[in-house]
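Data from protein_1.cif: mmCIF, C-alpha atoms
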```
data_coords
#
loop_
_atom_site.group_PDB
_atom_site.id
_atom_site.type_symbol
_atom_site.label_atom_id
_atom_site.label_comp_id
_atom_site.auth_asym_id
_atom_site.auth_seq_id
_atom_site.Cartn_x
_atom_site.Cartn_y
_atom_site.Cartn_z
ATOM 1 C CA MET A 113 -3.861 3.300 5.475
ATOM 2 C CA SER A 114 -6.990 4.222 7.290
ATOM 3 C CA GLN A 115 -8.497 6.989 5.237
ATOM 4 C CA GLY A 116 -11.478 7.192 7.545
ATOM 5 C CA VAL A 117 -9.555 8.065 10.684
ATOM 6 C CA THR A 118 -8.493 11.378 12.106
ATOM 7 C CA PRO A 119 -4.873 12.278 12.792
ATOM 8 C CA ALA A 120 -3.485 11.894 16.240
ATOM 9 C CA ALA A 121 -2.270 15.427 16.543
ATOM 10 C CA GLY A 122 -2.825 18.781 14.913
ATOM 11 C CA GLY A 123 -0.488 21.689 14.302
ATOM 12 C CA ASP A 124 0.351 23.467 11.082
ATOM 13 C CA GLY A 125 4.043 22.674 11.117
ATOM 14 C CA GLY A 126 4.817 25.570 8.779
ATOM 15 C CA ALA A 127 4.152 26.179 5.110
ATOM 16 C CA ALA A 128 7.447 24.617 4.039
ATOM 17 C CA LEU A 129 6.648 21.375 5.850
ATOM 18 C CA LEU A 130 3.188 21.255 4.296
ATOM 19 C CA ARG A 131 4.685 21.666 0.832
ATOM 20 C CA ALA A 132 7.209 18.898 1.517
ATOM 21 C CA MET A 133 4.727 16.385 2.959
ATOM 22 C CA PRO A 134 3.362 15.033 -0.373
ATOM 23 C CA ALA A 135 6.827 14.387 -1.816
ATOM 24 C CA LEU A 136 8.003 12.867 1.451
ATOM 25 C CA PHE A 137 4.982 10.567 1.509
ATOM 26 C CA VAL A 138 5.640 9.319 -2.040
ATOM 27 C CA VAL A 139 9.304 8.573 -1.323
ATOM 28 C CA ILE A 140 8.634 6.762 1.963
ATOM 29 C CA TRP A 141 5.685 4.786 0.574
ATOM 30 C CA SER A 142 7.745 3.744 -2.452
ATOM 31 C CA THR A 143 10.467 2.324 -0.215
ATOM 32 C CA GLY A 144 8.059 -0.353 1.006
ATOM 33 C CA PHE A 145 8.615 -2.369 -2.166
ATOM 34 C CA VAL A 146 12.385 -1.904 -1.951
ATOM 35 C CA VAL A 147 12.445 -2.919 1.730
ATOM 36 C CA ALA A 148 10.779 -6.172 0.698
ATOM 37 C CA ARG A 149 13.793 -6.912 -1.515
ATOM 38 C CA TYR A 150 16.173 -6.319 1.386
ATOM 39 C CA GLY A 151 14.209 -8.423 3.853
ATOM 40 C CA MET A 152 13.175 -11.373 1.714
ATOM 41 C CA PRO A 153 16.577 -13.119 1.442
ATOM 42 C CA HIS A 154 16.631 -13.435 5.211
ATOM 43 C CA ALA A 155 13.018 -14.190 6.182
ATOM 44 C CA PRO A 156 9.839 -15.704 4.752
ATOM 45 C CA PRO A 157 7.139 -13.110 4.028
ATOM 46 C CA PHE A 158 4.507 -13.821 6.676
ATOM 47 C CA THR A 159 7.071 -14.384 9.422
ATOM 48 C CA PHE A 160 8.581 -10.993 8.656
ATOM 49 C CA LEU A 161 5.164 -9.355 8.538
ATOM 50 C CA ALA A 162 4.077 -10.984 11.806
ATOM 51 C CA TRP A 163 7.139 -9.472 13.500
ATOM 52 C CA ARG A 164 6.428 -6.132 11.829
ATOM 53 C CA TYR A 165 2.817 -6.090 13.016
ATOM 54 C CA ALA A 166 3.764 -7.194 16.531
ATOM 55 C CA LEU A 167 6.382 -4.452 16.887
ATOM 56 C CA SER A 168 4.008 -1.884 15.371
ATOM 57 C CA VAL A 169 1.271 -2.898 17.820
ATOM 58 C CA LEU A 170 3.771 -2.433 20.646
ATOM 59 C CA CYS A 171 4.704 1.049 19.386
ATOM 60 C CA PHE A 172 1.079 2.140 19.090
ATOM 61 C CA ALA A 173 0.241 0.614 22.479
ATOM 62 C CA LEU A 174 3.015 2.645 24.120
ATOM 63 C CA TRP A 175 1.874 5.772 22.276
ATOM 64 C CA ILE A 176 -1.708 5.173 23.418
ATOM 65 C CA ALA A 177 -0.606 4.550 27.020
ATOM 66 C CA VAL A 178 1.070 7.964 27.073
ATOM 67 C CA SER A 179 -1.527 9.998 25.151
ATOM 68 C CA ARG A 180 -4.698 8.107 26.186
ATOM 69 C CA PRO A 181 -6.866 8.668 23.074
ATOM 70 C CA ALA A 182 -10.432 7.375 22.880
ATOM 71 C CA PHE A 183 -11.101 3.875 21.550
ATOM 72 C CA PRO A 184 -14.086 3.163 19.276
ATOM 73 C CA ARG A 185 -17.048 2.594 21.580
ATOM 74 C CA ASP A 186 -19.111 0.853 18.918
ATOM 75 C CA ARG A 187 -18.289 -2.857 18.683
ATOM 76 C CA ALA A 188 -19.362 -2.875 15.049
ATOM 77 C CA GLN A 189 -16.809 -0.149 14.289
ATOM 78 C CA ALA A 190 -14.073 -2.212 15.896
ATOM 79 C CA LEU A 191 -15.053 -5.155 13.703
ATOM 80 C CA HIS A 192 -15.072 -2.943 10.607
ATOM 81 C CA LEU A 193 -11.590 -1.682 11.500
ATOM 82 C CA ALA A 194 -10.391 -5.244 12.061
ATOM 83 C CA LEU A 195 -11.640 -6.343 8.643
ATOM 84 C CA THR A 196 -9.969 -3.409 6.911
ATOM 85 C CA GLY A 197 -6.782 -4.292 8.785
ATOM 86 C CA VAL A 198 -6.924 -7.851 7.485
ATOM 87 C CA LEU A 199 -7.479 -6.668 3.909
ATOM 88 C CA MET A 200 -5.169 -3.655 3.801
ATOM 89 C CA HIS A 201 -2.321 -5.036 5.899
ATOM 90 C CA ALA A 202 -2.361 -8.854 5.916
ATOM 91 C CA GLY A 203 -3.899 -9.182 2.446
ATOM 92 C CA TYR A 204 -2.173 -6.331 0.667
ATOM 93 C CA LEU A 205 1.267 -6.532 2.285
ATOM 94 C CA GLY A 206 1.138 -10.323 2.432
ATOM 95 C CA GLY A 207 0.510 -10.477 -1.303
ATOM 96 C CA VAL A 208 3.235 -7.948 -2.102
ATOM 97 C CA TRP A 209 5.876 -9.588 0.088
ATOM 98 C CA ALA A 210 5.013 -13.103 -1.066
ATOM 99 C CA ALA A 211 5.205 -11.937 -4.697
ATOM 100 C CA VAL A 212 8.629 -10.354 -4.156
ATOM 101 C CA LYS A 213 9.791 -13.518 -2.399
ATOM 102 C CA ALA A 214 8.593 -15.461 -5.457
ATOM 103 C CA GLY A 215 10.853 -13.381 -7.690
ATOM 104 C CA ILE A 216 8.800 -10.553 -9.158
ATOM 105 C CA PRO A 217 10.729 -7.261 -9.542
ATOM 106 C CA ALA A 218 9.836 -4.560 -7.002
ATOM 107 C CA GLY A 219 8.978 -2.039 -9.707
ATOM 108 C CA THR A 220 6.594 -4.445 -11.428
ATOM 109 C CA VAL A 221 4.612 -5.302 -8.301
ATOM 110 C CA ALA A 222 4.451 -1.577 -7.487
ATOM 111 C CA LEU A 223 2.987 -0.940 -10.924
ATOM 112 C CA ILE A 224 0.388 -3.691 -10.510
ATOM 113 C CA VAL A 225 -0.877 -2.542 -7.123
ATOM 114 C CA GLY A 226 -0.663 1.033 -8.406
ATOM 115 C CA LEU A 227 -3.777 0.302 -10.467
ATOM 116 C CA GLN A 228 -5.793 0.311 -7.209
ATOM 117 C CA PRO A 229 -7.149 3.883 -7.631
ATOM 118 C CA VAL A 230 -8.398 2.980 -11.105
ATOM 119 C CA LEU A 231 -10.327 -0.051 -9.865
ATOM 120 C CA THR A 232 -11.694 1.948 -6.944
ATOM 121 C CA ALA A 233 -12.905 4.778 -9.167
ATOM 122 C CA LEU A 234 -14.577 2.389 -11.591
ATOM 123 C CA TRP A 235 -16.233 0.366 -8.819
ATOM 124 C CA VAL A 236 -17.632 3.497 -7.173
ATOM 125 C CA SER A 237 -18.966 4.606 -10.535
ATOM 126 C CA ALA A 238 -20.437 1.216 -11.488
ATOM 127 C CA SER A 239 -22.076 0.745 -8.075
ATOM 128 C CA GLY A 240 -24.161 3.872 -8.547
ATOM 129 C CA GLN A 241 -22.501 5.834 -5.747
ATOM 130 C CA GLU A 242 -21.345 8.306 -8.377
ATOM 131 C CA ALA A 243 -21.914 8.892 -12.086
ATOM 132 C CA ARG A 244 -21.446 5.930 -14.410
ATOM 133 C CA ALA A 245 -18.010 5.456 -15.896
ATOM 134 C CA SER A 246 -17.512 7.644 -18.954
ATOM 135 C CA ALA A 247 -15.924 6.679 -22.247
ATOM 136 C CA ARG A 248 -12.807 8.561 -21.140
ATOM 137 C CA GLN A 249 -12.595 6.473 -17.965
ATOM 138 C CA TRP A 250 -12.910 3.181 -19.839
ATOM 139 C CA ALA A 251 -10.251 4.365 -22.302
ATOM 140 C CA GLY A 252 -8.046 5.224 -19.339
ATOM 141 C CA LEU A 253 -8.481 1.772 -17.816
ATOM 142 C CA LEU A 254 -7.571 0.169 -21.153
ATOM 143 C CA LEU A 255 -4.445 2.313 -21.457
ATOM 144 C CA GLY A 256 -3.438 1.411 -17.919
ATOM 145 C CA LEU A 257 -3.809 -2.293 -18.620
ATOM 146 C CA LEU A 258 -1.870 -1.957 -21.878
ATOM 147 C CA GLY A 259 0.894 -0.195 -19.990
ATOM 148 C CA LEU A 260 0.999 -2.974 -17.432
ATOM 149 C CA LEU A 261 1.159 -5.620 -20.150
ATOM 150 C CA LEU A 262 3.989 -3.726 -21.834
ATOM 151 C CA VAL A 263 6.004 -3.910 -18.610
ATOM 152 C CA VAL A 264 5.144 -7.528 -17.767
ATOM 153 C CA TRP A 265 4.882 -9.258 -21.146
ATOM 154 C CA ARG A 266 8.586 -9.681 -21.962
ATOM 155 C CA LYS A 267 9.307 -11.020 -18.466
ATOM 156 C CA LEU A 268 6.678 -13.768 -18.461
ATOM 157 C CA GLY A 269 8.367 -17.155 -18.416
ATOM 158 C CA THR A 270 11.833 -15.657 -17.811
ATOM 159 C CA GLY A 271 11.901 -16.496 -14.115
ATOM 160 C CA GLU A 272 11.073 -12.923 -13.081
ATOM 161 C CA VAL A 273 7.322 -12.675 -13.651
ATOM 162 C CA THR A 274 5.506 -16.003 -13.436
ATOM 163 C CA GLY A 275 1.859 -16.930 -13.215
ATOM 164 C CA PHE A 276 2.261 -17.511 -9.472
ATOM 165 C CA ASN A 277 3.895 -14.236 -8.442
ATOM 166 C CA LEU A 278 1.635 -12.340 -10.838
ATOM 167 C CA LEU A 279 -1.376 -13.936 -9.122
ATOM 168 C CA LEU A 280 -0.013 -12.892 -5.715
ATOM 169 C CA SER A 281 0.452 -9.326 -6.966
ATOM 170 C CA VAL A 282 -3.092 -9.163 -8.341
ATOM 171 C CA GLY A 283 -4.354 -10.610 -5.051
ATOM 172 C CA ALA A 284 -2.619 -7.762 -3.217
ATOM 173 C CA LEU A 285 -4.241 -5.281 -5.605
ATOM 174 C CA LEU A 286 -7.698 -6.747 -4.994
ATOM 175 C CA ALA A 287 -7.144 -6.807 -1.214
ATOM 176 C CA ILE A 288 -6.239 -3.133 -0.926
ATOM 177 C CA THR A 289 -9.029 -2.168 -3.322
ATOM 178 C CA ALA A 290 -11.624 -4.119 -1.333
ATOM 179 C CA GLY A 291 -10.234 -2.741 1.931
ATOM 180 C CA THR A 292 -10.406 0.842 0.679
ATOM 181 C CA LEU A 293 -13.981 0.441 -0.569
ATOM 182 C CA TYR A 294 -15.101 -1.295 2.634
ATOM 183 C CA GLN A 295 -13.487 1.356 4.800
ATOM 184 C CA LYS A 296 -15.036 4.182 2.791
ATOM 185 C CA ARG A 297 -18.446 2.585 3.245
ATOM 186 C CA TYR A 298 -18.367 1.434 6.878
ATOM 187 C CA VAL A 299 -15.534 2.974 8.931
ATOM 188 C CA LYS A 300 -16.394 6.191 10.779
ATOM 189 C CA PRO A 301 -13.778 8.814 11.689
ATOM 190 C CA CYS A 302 -11.767 7.819 14.752
ATOM 191 C CA ASP A 303 -8.360 8.400 16.284
ATOM 192 C CA VAL A 304 -5.492 7.183 14.116
ATOM 193 C CA ARG A 305 -3.645 5.577 17.027
ATOM 194 C CA THR A 306 -6.482 3.392 18.271
ATOM 195 C CA ALA A 307 -7.641 2.591 14.730
ATOM 196 C CA SER A 308 -4.136 1.465 13.776
ATOM 197 C CA LEU A 309 -3.880 -0.652 16.919
ATOM 198 C CA VAL A 310 -7.086 -2.511 16.029
ATOM 199 C CA GLN A 311 -6.138 -2.930 12.364
ATOM 200 C CA LEU A 312 -2.605 -4.147 13.045
ATOM 201 C CA SER A 313 -3.767 -6.518 15.778
ATOM 202 C CA ALA A 314 -6.205 -8.099 13.326
ATOM 203 C CA ALA A 315 -3.480 -8.346 10.673
ATOM 204 C CA LEU A 316 -1.190 -9.994 13.232
ATOM 205 C CA ALA A 317 -3.861 -12.535 14.166
ATOM 206 C CA VAL A 318 -4.208 -13.554 10.509
ATOM 207 C CA SER A 319 -0.483 -13.536 9.736
ATOM 208 C CA LEU A 320 0.681 -15.650 12.699
ATOM 209 C CA PRO A 321 -0.956 -18.925 11.523
ATOM 210 C CA LEU A 322 0.401 -18.330 7.996
ATOM 211 C CA ALA A 323 3.871 -17.679 9.430
ATOM 212 C CA ALA A 324 3.667 -20.966 11.346
ATOM 213 C CA LEU A 325 3.222 -22.791 8.025
ATOM 214 C CA GLU A 326 6.431 -21.367 6.573
ATOM 215 C CA SER A 327 9.362 -23.773 6.792
ATOM 216 C CA GLU A 328 12.103 -21.188 6.313
ATOM 217 C CA GLY A 329 13.446 -19.538 9.451
ATOM 218 C CA MET A 330 14.497 -15.927 10.032
ATOM 219 C CA ARG A 331 18.182 -14.998 9.936
ATOM 220 C CA TRP A 332 18.786 -11.781 11.854
ATOM 221 C CA HIS A 333 21.118 -10.306 9.270
ATOM 222 C CA PRO A 334 21.854 -6.543 9.443
ATOM 223 C CA GLU A 335 19.828 -6.089 6.238
ATOM 224 C CA LEU A 336 16.854 -7.790 7.868
ATOM 225 C CA ILE A 337 17.161 -5.703 11.028
ATOM 226 C CA GLY A 338 17.333 -2.529 8.953
ATOM 227 C CA ALA A 339 14.353 -3.576 6.844
ATOM 228 C CA MET A 340 12.353 -4.363 9.979
ATOM 229 C CA ALA A 341 13.177 -1.066 11.663
ATOM 230 C CA TRP A 342 12.318 0.909 8.525
ATOM 231 C CA SER A 343 9.077 -1.034 8.027
ATOM 232 C CA VAL A 344 7.879 -0.329 11.563
ATOM 233 C CA LEU A 345 9.085 3.230 12.104
ATOM 234 C CA ALA A 346 9.054 4.783 8.632
ATOM 235 C CA LEU A 347 6.310 2.848 6.853
ATOM 236 C CA THR A 348 3.778 1.827 9.505
ATOM 237 C CA LEU A 349 4.151 4.858 11.780
ATOM 238 C CA GLY A 350 5.576 7.474 9.404
ATOM 239 C CA ALA A 351 4.018 7.055 5.962
ATOM 240 C CA SER A 352 0.589 6.171 7.322
ATOM 241 C CA SER A 353 0.644 9.218 9.599
ATOM 242 C CA LEU A 354 1.559 11.448 6.645
ATOM 243 C CA LEU A 355 -1.349 9.986 4.710
ATOM 244 C CA TYR A 356 -3.737 10.733 7.585
ATOM 245 C CA LEU A 357 -2.466 14.317 7.893
ATOM 246 C CA LEU A 358 -2.753 15.015 4.163
ATOM 247 C CA ILE A 359 -6.317 13.714 4.040
ATOM 248 C CA GLN A 360 -7.277 15.570 7.211
ATOM 249 C CA ARG A 361 -6.172 18.815 5.573
ATOM 250 C CA GLY A 362 -8.600 18.285 2.709
ATOM 251 C CA ALA A 363 -6.030 16.864 0.284
ATOM 252 C CA ALA A 364 -7.691 13.510 -0.437
ATOM 253 C CA THR A 365 -7.792 14.015 -4.207
ATOM 254 C CA ARG A 366 -4.172 15.129 -4.263
ATOM 255 C CA VAL A 367 -3.128 12.151 -2.131
ATOM 256 C CA THR A 368 -4.893 9.807 -4.551
ATOM 257 C CA SER A 369 -2.940 11.328 -7.418
ATOM 258 C CA LEU A 370 0.273 10.897 -5.402
ATOM 259 C CA MET A 371 -0.286 7.127 -5.421
ATOM 260 C CA TYR A 372 0.312 7.169 -9.174
ATOM 261 C CA LEU A 373 3.853 8.440 -8.606
ATOM 262 C CA VAL A 374 4.755 5.414 -6.475
ATOM 263 C CA PRO A 375 5.500 2.897 -9.295
ATOM 264 C CA PRO A 376 7.991 5.127 -11.167
ATOM 265 C CA CYS A 377 9.583 6.194 -7.886
ATOM 266 C CA THR A 378 9.876 2.528 -6.853
ATOM 267 C CA ALA A 379 11.371 1.632 -10.226
ATOM 268 C CA LEU A 380 13.993 4.359 -9.824
ATOM 269 C CA LEU A 381 14.868 3.127 -6.325
ATOM 270 C CA ALA A 382 15.045 -0.492 -7.534
ATOM 271 C CA TRP A 383 17.232 0.576 -10.460
ATOM 272 C CA GLY A 384 19.627 2.454 -8.186
ATOM 273 C CA LEU A 385 19.776 -0.153 -5.407
ATOM 274 C CA PHE A 386 19.331 -3.491 -7.200
ATOM 275 C CA GLY A 387 20.143 -2.746 -10.826
ATOM 276 C CA GLU A 388 16.628 -3.603 -12.040
ATOM 277 C CA PRO A 389 16.659 -2.348 -15.649
ATOM 278 C CA LEU A 390 14.722 0.719 -16.775
ATOM 279 C CA THR A 391 14.189 -0.367 -20.368
ATOM 280 C CA PRO A 392 12.228 1.689 -22.925
ATOM 281 C CA ALA A 393 9.382 -0.832 -22.580
ATOM 282 C CA VAL A 394 9.255 -0.357 -18.799
ATOM 283 C CA LEU A 395 9.351 3.425 -19.089
ATOM 284 C CA GLY A 396 6.768 3.409 -21.863
ATOM 285 C CA GLY A 397 4.500 1.089 -19.888
ATOM 286 C CA MET A 398 4.679 3.362 -16.863
ATOM 287 C CA ALA A 399 3.882 6.380 -19.007
ATOM 288 C CA LEU A 400 0.833 4.632 -20.490
ATOM 289 C CA THR A 401 -0.357 3.591 -17.041
ATOM 290 C CA ALA A 402 0.050 7.117 -15.691
ATOM 291 C CA LEU A 403 -1.872 8.508 -18.667
ATOM 292 C CA GLY A 404 -4.619 5.923 -18.239
ATOM 293 C CA VAL A 405 -5.013 6.657 -14.555
ATOM 294 C CA SER A 406 -5.114 10.377 -15.278
ATOM 295 C CA LEU A 407 -7.946 9.855 -17.766
ATOM 296 C CA VAL A 408 -9.904 7.787 -15.220
ATOM 297 C CA VAL A 409 -9.551 10.392 -12.479
ATOM 298 C CA ARG A 410 -10.353 13.357 -14.715
ATOM 299 C CA GLY A 411 -13.178 11.500 -16.417
ATOM 300 C CA GLY A 412 -15.404 11.468 -13.322
ATOM 301 C CA GLY A 413 -15.585 12.498 -9.692
ATOM 302 C CA ARG A 414 -14.139 10.378 -7.003
#
```
As structure tokens, please, write out the structure in this file.
Amino acid sequence: MSQGVTPAAGGDGGAALLRAMPALFVVIWSTGFVVARYGMPHAPPFTFLAWRYALSVLCFALWIAVSRPAFPRDRAQALHLALTGVLMHAGYLGGVWAAVKAGIPAGTVALIVGLQPVLTALWVSASGQEARASARQWAGLLLGLLGLLLVVWRKLGTGEVTGFNLLLSVGALLAITAGTLYQKRYVKPCDVRTASLVQLSAALAVSLPLAALESEGMRWHPELIGAMAWSVLALTLGASSLLYLLIQRGAATRVTSLMYLVPPCTALLAWGLFGEPLTPAVLGGMALTALGVSLVVRGGGR
């Protein structure tokens, strides 16, 4: 998710494709939380992610060998990219996958990390980079938190949402928020292929020692193989590339708003595939969160 990098290739692709790209991005991105449910019974989180990063690095390396894009010449830029890779891949995905492994429903963790644009907008405002947060923005943040509590509250202590997996989910939220803010501040535009190679290599370097500490082994079940293939090809290469293309075409604000559609889309997928209930409280909590995020975004510039 390198919002400061340029896409690897241009081309309009046709008006119909451009109209379909936002919806396609939301659906693919939402499947990341569902894929975690498929993979977790057969592999510990950091072992799975280490394999995912290694295979993704291989794919990007082959792509780079064929297309020969330019690497960042500035060593500082490479270090900035590496740090964002650690935060936005190892930190964010590690937290999400560990939380799912610890029993939290996919829709709930999607809702928690879906608050990332709200925290980002408020931090940018509070840091003086933009106007101070308005009363509407603070009201929006409160509504979002109330919506989250409405979803989570009944499940606390039931074996689904616990203090531990909730902490992992919040850690993932903080990691992607910090990574986004750091990247916005320090990462200059560069080629998506070489940027992804640096980021994923850094994430792999952090994940390998954590994977070595996990006692559970991987069982190469067909579900695990499918989850791995989808994670590498659809999520790492596909969804990220769609994100780069949308932003490159001047759709950054629209892409940000698309992130708010991920939790309900994930909940629908989890309901259809795993039978996770869509209770009135869950639906109401999602509606409150969506309203709160909308107030934050409309209450001040991003």
Need to verify the contact set: region 206-217 of chain A, 9 Å, all atoms listed in the file, exclusion of same-chain residues closer than 4 positions in sequence. Can you return it as an MDAnalysis selection string? chainID A and resid 145 148:149 152:153 156:158 161 201:202 221:222 225 271:274 276:285 287 319 379 382 388
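Take CA of Gly396 (chain A) and CA of Val263 (chain A): the distance between them is 8.0 Å.
Neighbours of Leu227 (chain A) closer than or equal to 8 Å, with only C-alpha atoms counted and sequence neighbours fewer than 4 positions away skipped, come out as A:Leu223, A:Leu231, A:Gly256, A:Leu285, A:Val405.
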Residues from the last selection, C-alpha atoms, saved as a PDB file, in the coordinates of the input:
```pdb
ATOM      1  CA  LEU A 223       2.987  -0.940 -10.924  1.00  0.00           C
ATOM      2  CA  LEU A 231     -10.327  -0.051  -9.865  1.00  0.00           C
ATOM      3  CA  GLY A 256      -3.438   1.411 -17.919  1.00  0.00           C
ATOM      4  CA  LEU A 285      -4.241  -5.281  -5.605  1.00  0.00           C
ATOM      5  CA  VAL A 405      -5.013   6.657 -14.555  1.00  0.00           C
TER       6      VAL A 405
END
```
Can you turn the PyMOL selection byres ((chain A and resi 164-174) around 6) into a concrete residue list for this file, as a PyMOL selection string? chain A and resi 161-163+175-177+309+312+316+344
File dump, residues just selected, C-alpha atoms, as a PDB file, in the frame of the given file:
```pdb
ATOM      1  CA  LEU A 161       5.164  -9.355   8.538  1.00  0.00           C
ATOM      2  CA  ALA A 162       4.077 -10.984  11.806  1.00  0.00           C
ATOM      3  CA  TRP A 163       7.139  -9.472  13.500  1.00  0.00           C
ATOM      4  CA  TRP A 175       1.874   5.772  22.276  1.00  0.00           C
ATOM      5  CA  ILE A 176      -1.708   5.173  23.418  1.00  0.00           C
ATOM      6  CA  ALA A 177      -0.606   4.550  27.020  1.00  0.00           C
ATOM      7  CA  LEU A 309      -3.880  -0.652  16.919  1.00  0.00           C
ATOM      8  CA  LEU A 312      -2.605  -4.147  13.045  1.00  0.00           C
ATOM      9  CA  LEU A 316      -1.190  -9.994  13.232  1.00  0.00           C
ATOM     10  CA  VAL A 344       7.879  -0.329  11.563  1.00  0.00           C
TER      11      VAL A 344
END
```
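Note on the selection: in this file the PyMOL selection byres ((chain A and resi 150) around 10) comes out as Phe145, Val146, Val147, Ala148, Arg149, Gly151, Met152, Pro153, His154, Ala155, Pro334, Glu335, Leu336, Ile337, Gly338, Ala339, Met340, Leu385 and Phe386 of chain A.
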Which of A:Ala346, A:Leu234, A:His192, A:Ala317 sits closest to Lys296 (chain A) [using only C-alpha atoms]: A:His192
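As for CA of Leu260 (chain A) and CA of Ser239 (chain A), they are spaced 25.2 Å apart.
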Please expand the PyMOL selection byres ((chain A and resi 329) around 10) into the concrete residues it hits in this file, giving the result as number ranges by chain. A: 154-156, 159-160, 323, 326-328, 330-332
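Put simply, CA of Thr220 (chain A) is 7.7 Å away from CA of Pro375 (chain A).
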Using all atoms listed in the file, which residue out of A:Ala190, A:Leu261, A:Leu347, A:Ala132 lies closest to Gln295 (chain A)? A:Ala190
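Ranking A:Tyr294, A:Trp342, A:Trp265, A:Trp235 by their shortest atom-to-atom distance to Gly397 (chain A), with only C-alpha atoms included, puts A:Trp265 first.
Between Leu390 (chain A) and the residues A:Leu193, A:Cys377, A:Cys302, A:Ala290, the shortest atom-to-atom distance, using all atoms listed in the file, involves A:Cys377.
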Can you find the residues with an atom no farther than 10 Å from (6.1, 7.0, -2.0), counting only C-alpha atoms, and report them as a count of residues only? 23
Here is a test: counting only C-alpha atoms, which residue of A:Gly252, A:Pro229, A:Gly275, A:Pro184 is nearest to Val408 (chain A)? A:Gly252
Can you take the partial region 327-339 of chain A, add N, CA and C atoms, and return it as a PDB file, in the frame of the given file?
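Just written: result_24.pdb:
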```pdb
ATOM      1  N   SER A 327       8.278 -22.905   6.322  1.00  0.00           N
ATOM      2  CA  SER A 327       9.362 -23.773   6.792  1.00  0.00           C
ATOM      3  C   SER A 327      10.679 -23.026   6.963  1.00  0.00           C
ATOM      4  N   GLU A 328      10.854 -21.948   6.239  1.00  0.00           N
ATOM      5  CA  GLU A 328      12.103 -21.188   6.313  1.00  0.00           C
ATOM      6  C   GLU A 328      12.147 -20.368   7.602  1.00  0.00           C
ATOM      7  N   GLY A 329      13.275 -20.329   8.244  1.00  0.00           N
ATOM      8  CA  GLY A 329      13.446 -19.538   9.451  1.00  0.00           C
ATOM      9  C   GLY A 329      13.991 -18.154   9.156  1.00  0.00           C
ATOM     10  N   MET A 330      13.945 -17.275  10.163  1.00  0.00           N
ATOM     11  CA  MET A 330      14.497 -15.927  10.032  1.00  0.00           C
ATOM     12  C   MET A 330      15.974 -15.929  10.410  1.00  0.00           C
ATOM     13  N   ARG A 331      16.773 -15.194   9.631  1.00  0.00           N
ATOM     14  CA  ARG A 331      18.182 -14.998   9.936  1.00  0.00           C
ATOM     15  C   ARG A 331      18.377 -13.504  10.221  1.00  0.00           C
ATOM     16  N   TRP A 332      18.724 -13.183  11.451  1.00  0.00           N
ATOM     17  CA  TRP A 332      18.786 -11.781  11.854  1.00  0.00           C
ATOM     18  C   TRP A 332      20.052 -11.114  11.323  1.00  0.00           C
ATOM     19  N   HIS A 333      20.051 -10.985  10.000  1.00  0.00           N
ATOM     20  CA  HIS A 333      21.118 -10.306   9.270  1.00  0.00           C
ATOM     21  C   HIS A 333      20.928  -8.790   9.428  1.00  0.00           C
ATOM     22  N   PRO A 334      22.018  -8.005   9.365  1.00  0.00           N
ATOM     23  CA  PRO A 334      21.854  -6.543   9.443  1.00  0.00           C
ATOM     24  C   PRO A 334      20.864  -5.975   8.430  1.00  0.00           C
ATOM     25  N   GLU A 335      20.805  -6.556   7.226  1.00  0.00           N
ATOM     26  CA  GLU A 335      19.828  -6.089   6.238  1.00  0.00           C
ATOM     27  C   GLU A 335      18.409  -6.334   6.720  1.00  0.00           C
ATOM     28  N   LEU A 336      18.187  -7.481   7.355  1.00  0.00           N
ATOM     29  CA  LEU A 336      16.854  -7.790   7.868  1.00  0.00           C
ATOM     30  C   LEU A 336      16.490  -6.856   9.013  1.00  0.00           C
ATOM     31  N   ILE A 337      17.423  -6.601   9.904  1.00  0.00           N
ATOM     32  CA  ILE A 337      17.161  -5.703  11.028  1.00  0.00           C
ATOM     33  C   ILE A 337      16.845  -4.292  10.520  1.00  0.00           C
ATOM     34  N   GLY A 338      17.603  -3.839   9.535  1.00  0.00           N
ATOM     35  CA  GLY A 338      17.333  -2.529   8.953  1.00  0.00           C
ATOM     36  C   GLY A 338      15.981  -2.468   8.268  1.00  0.00           C
ATOM     37  N   ALA A 339      15.647  -3.531   7.518  1.00  0.00           N
ATOM     38  CA  ALA A 339      14.353  -3.576   6.844  1.00  0.00           C
ATOM     39  C   ALA A 339      13.213  -3.578   7.848  1.00  0.00           C
TER      40      ALA A 339
END
```
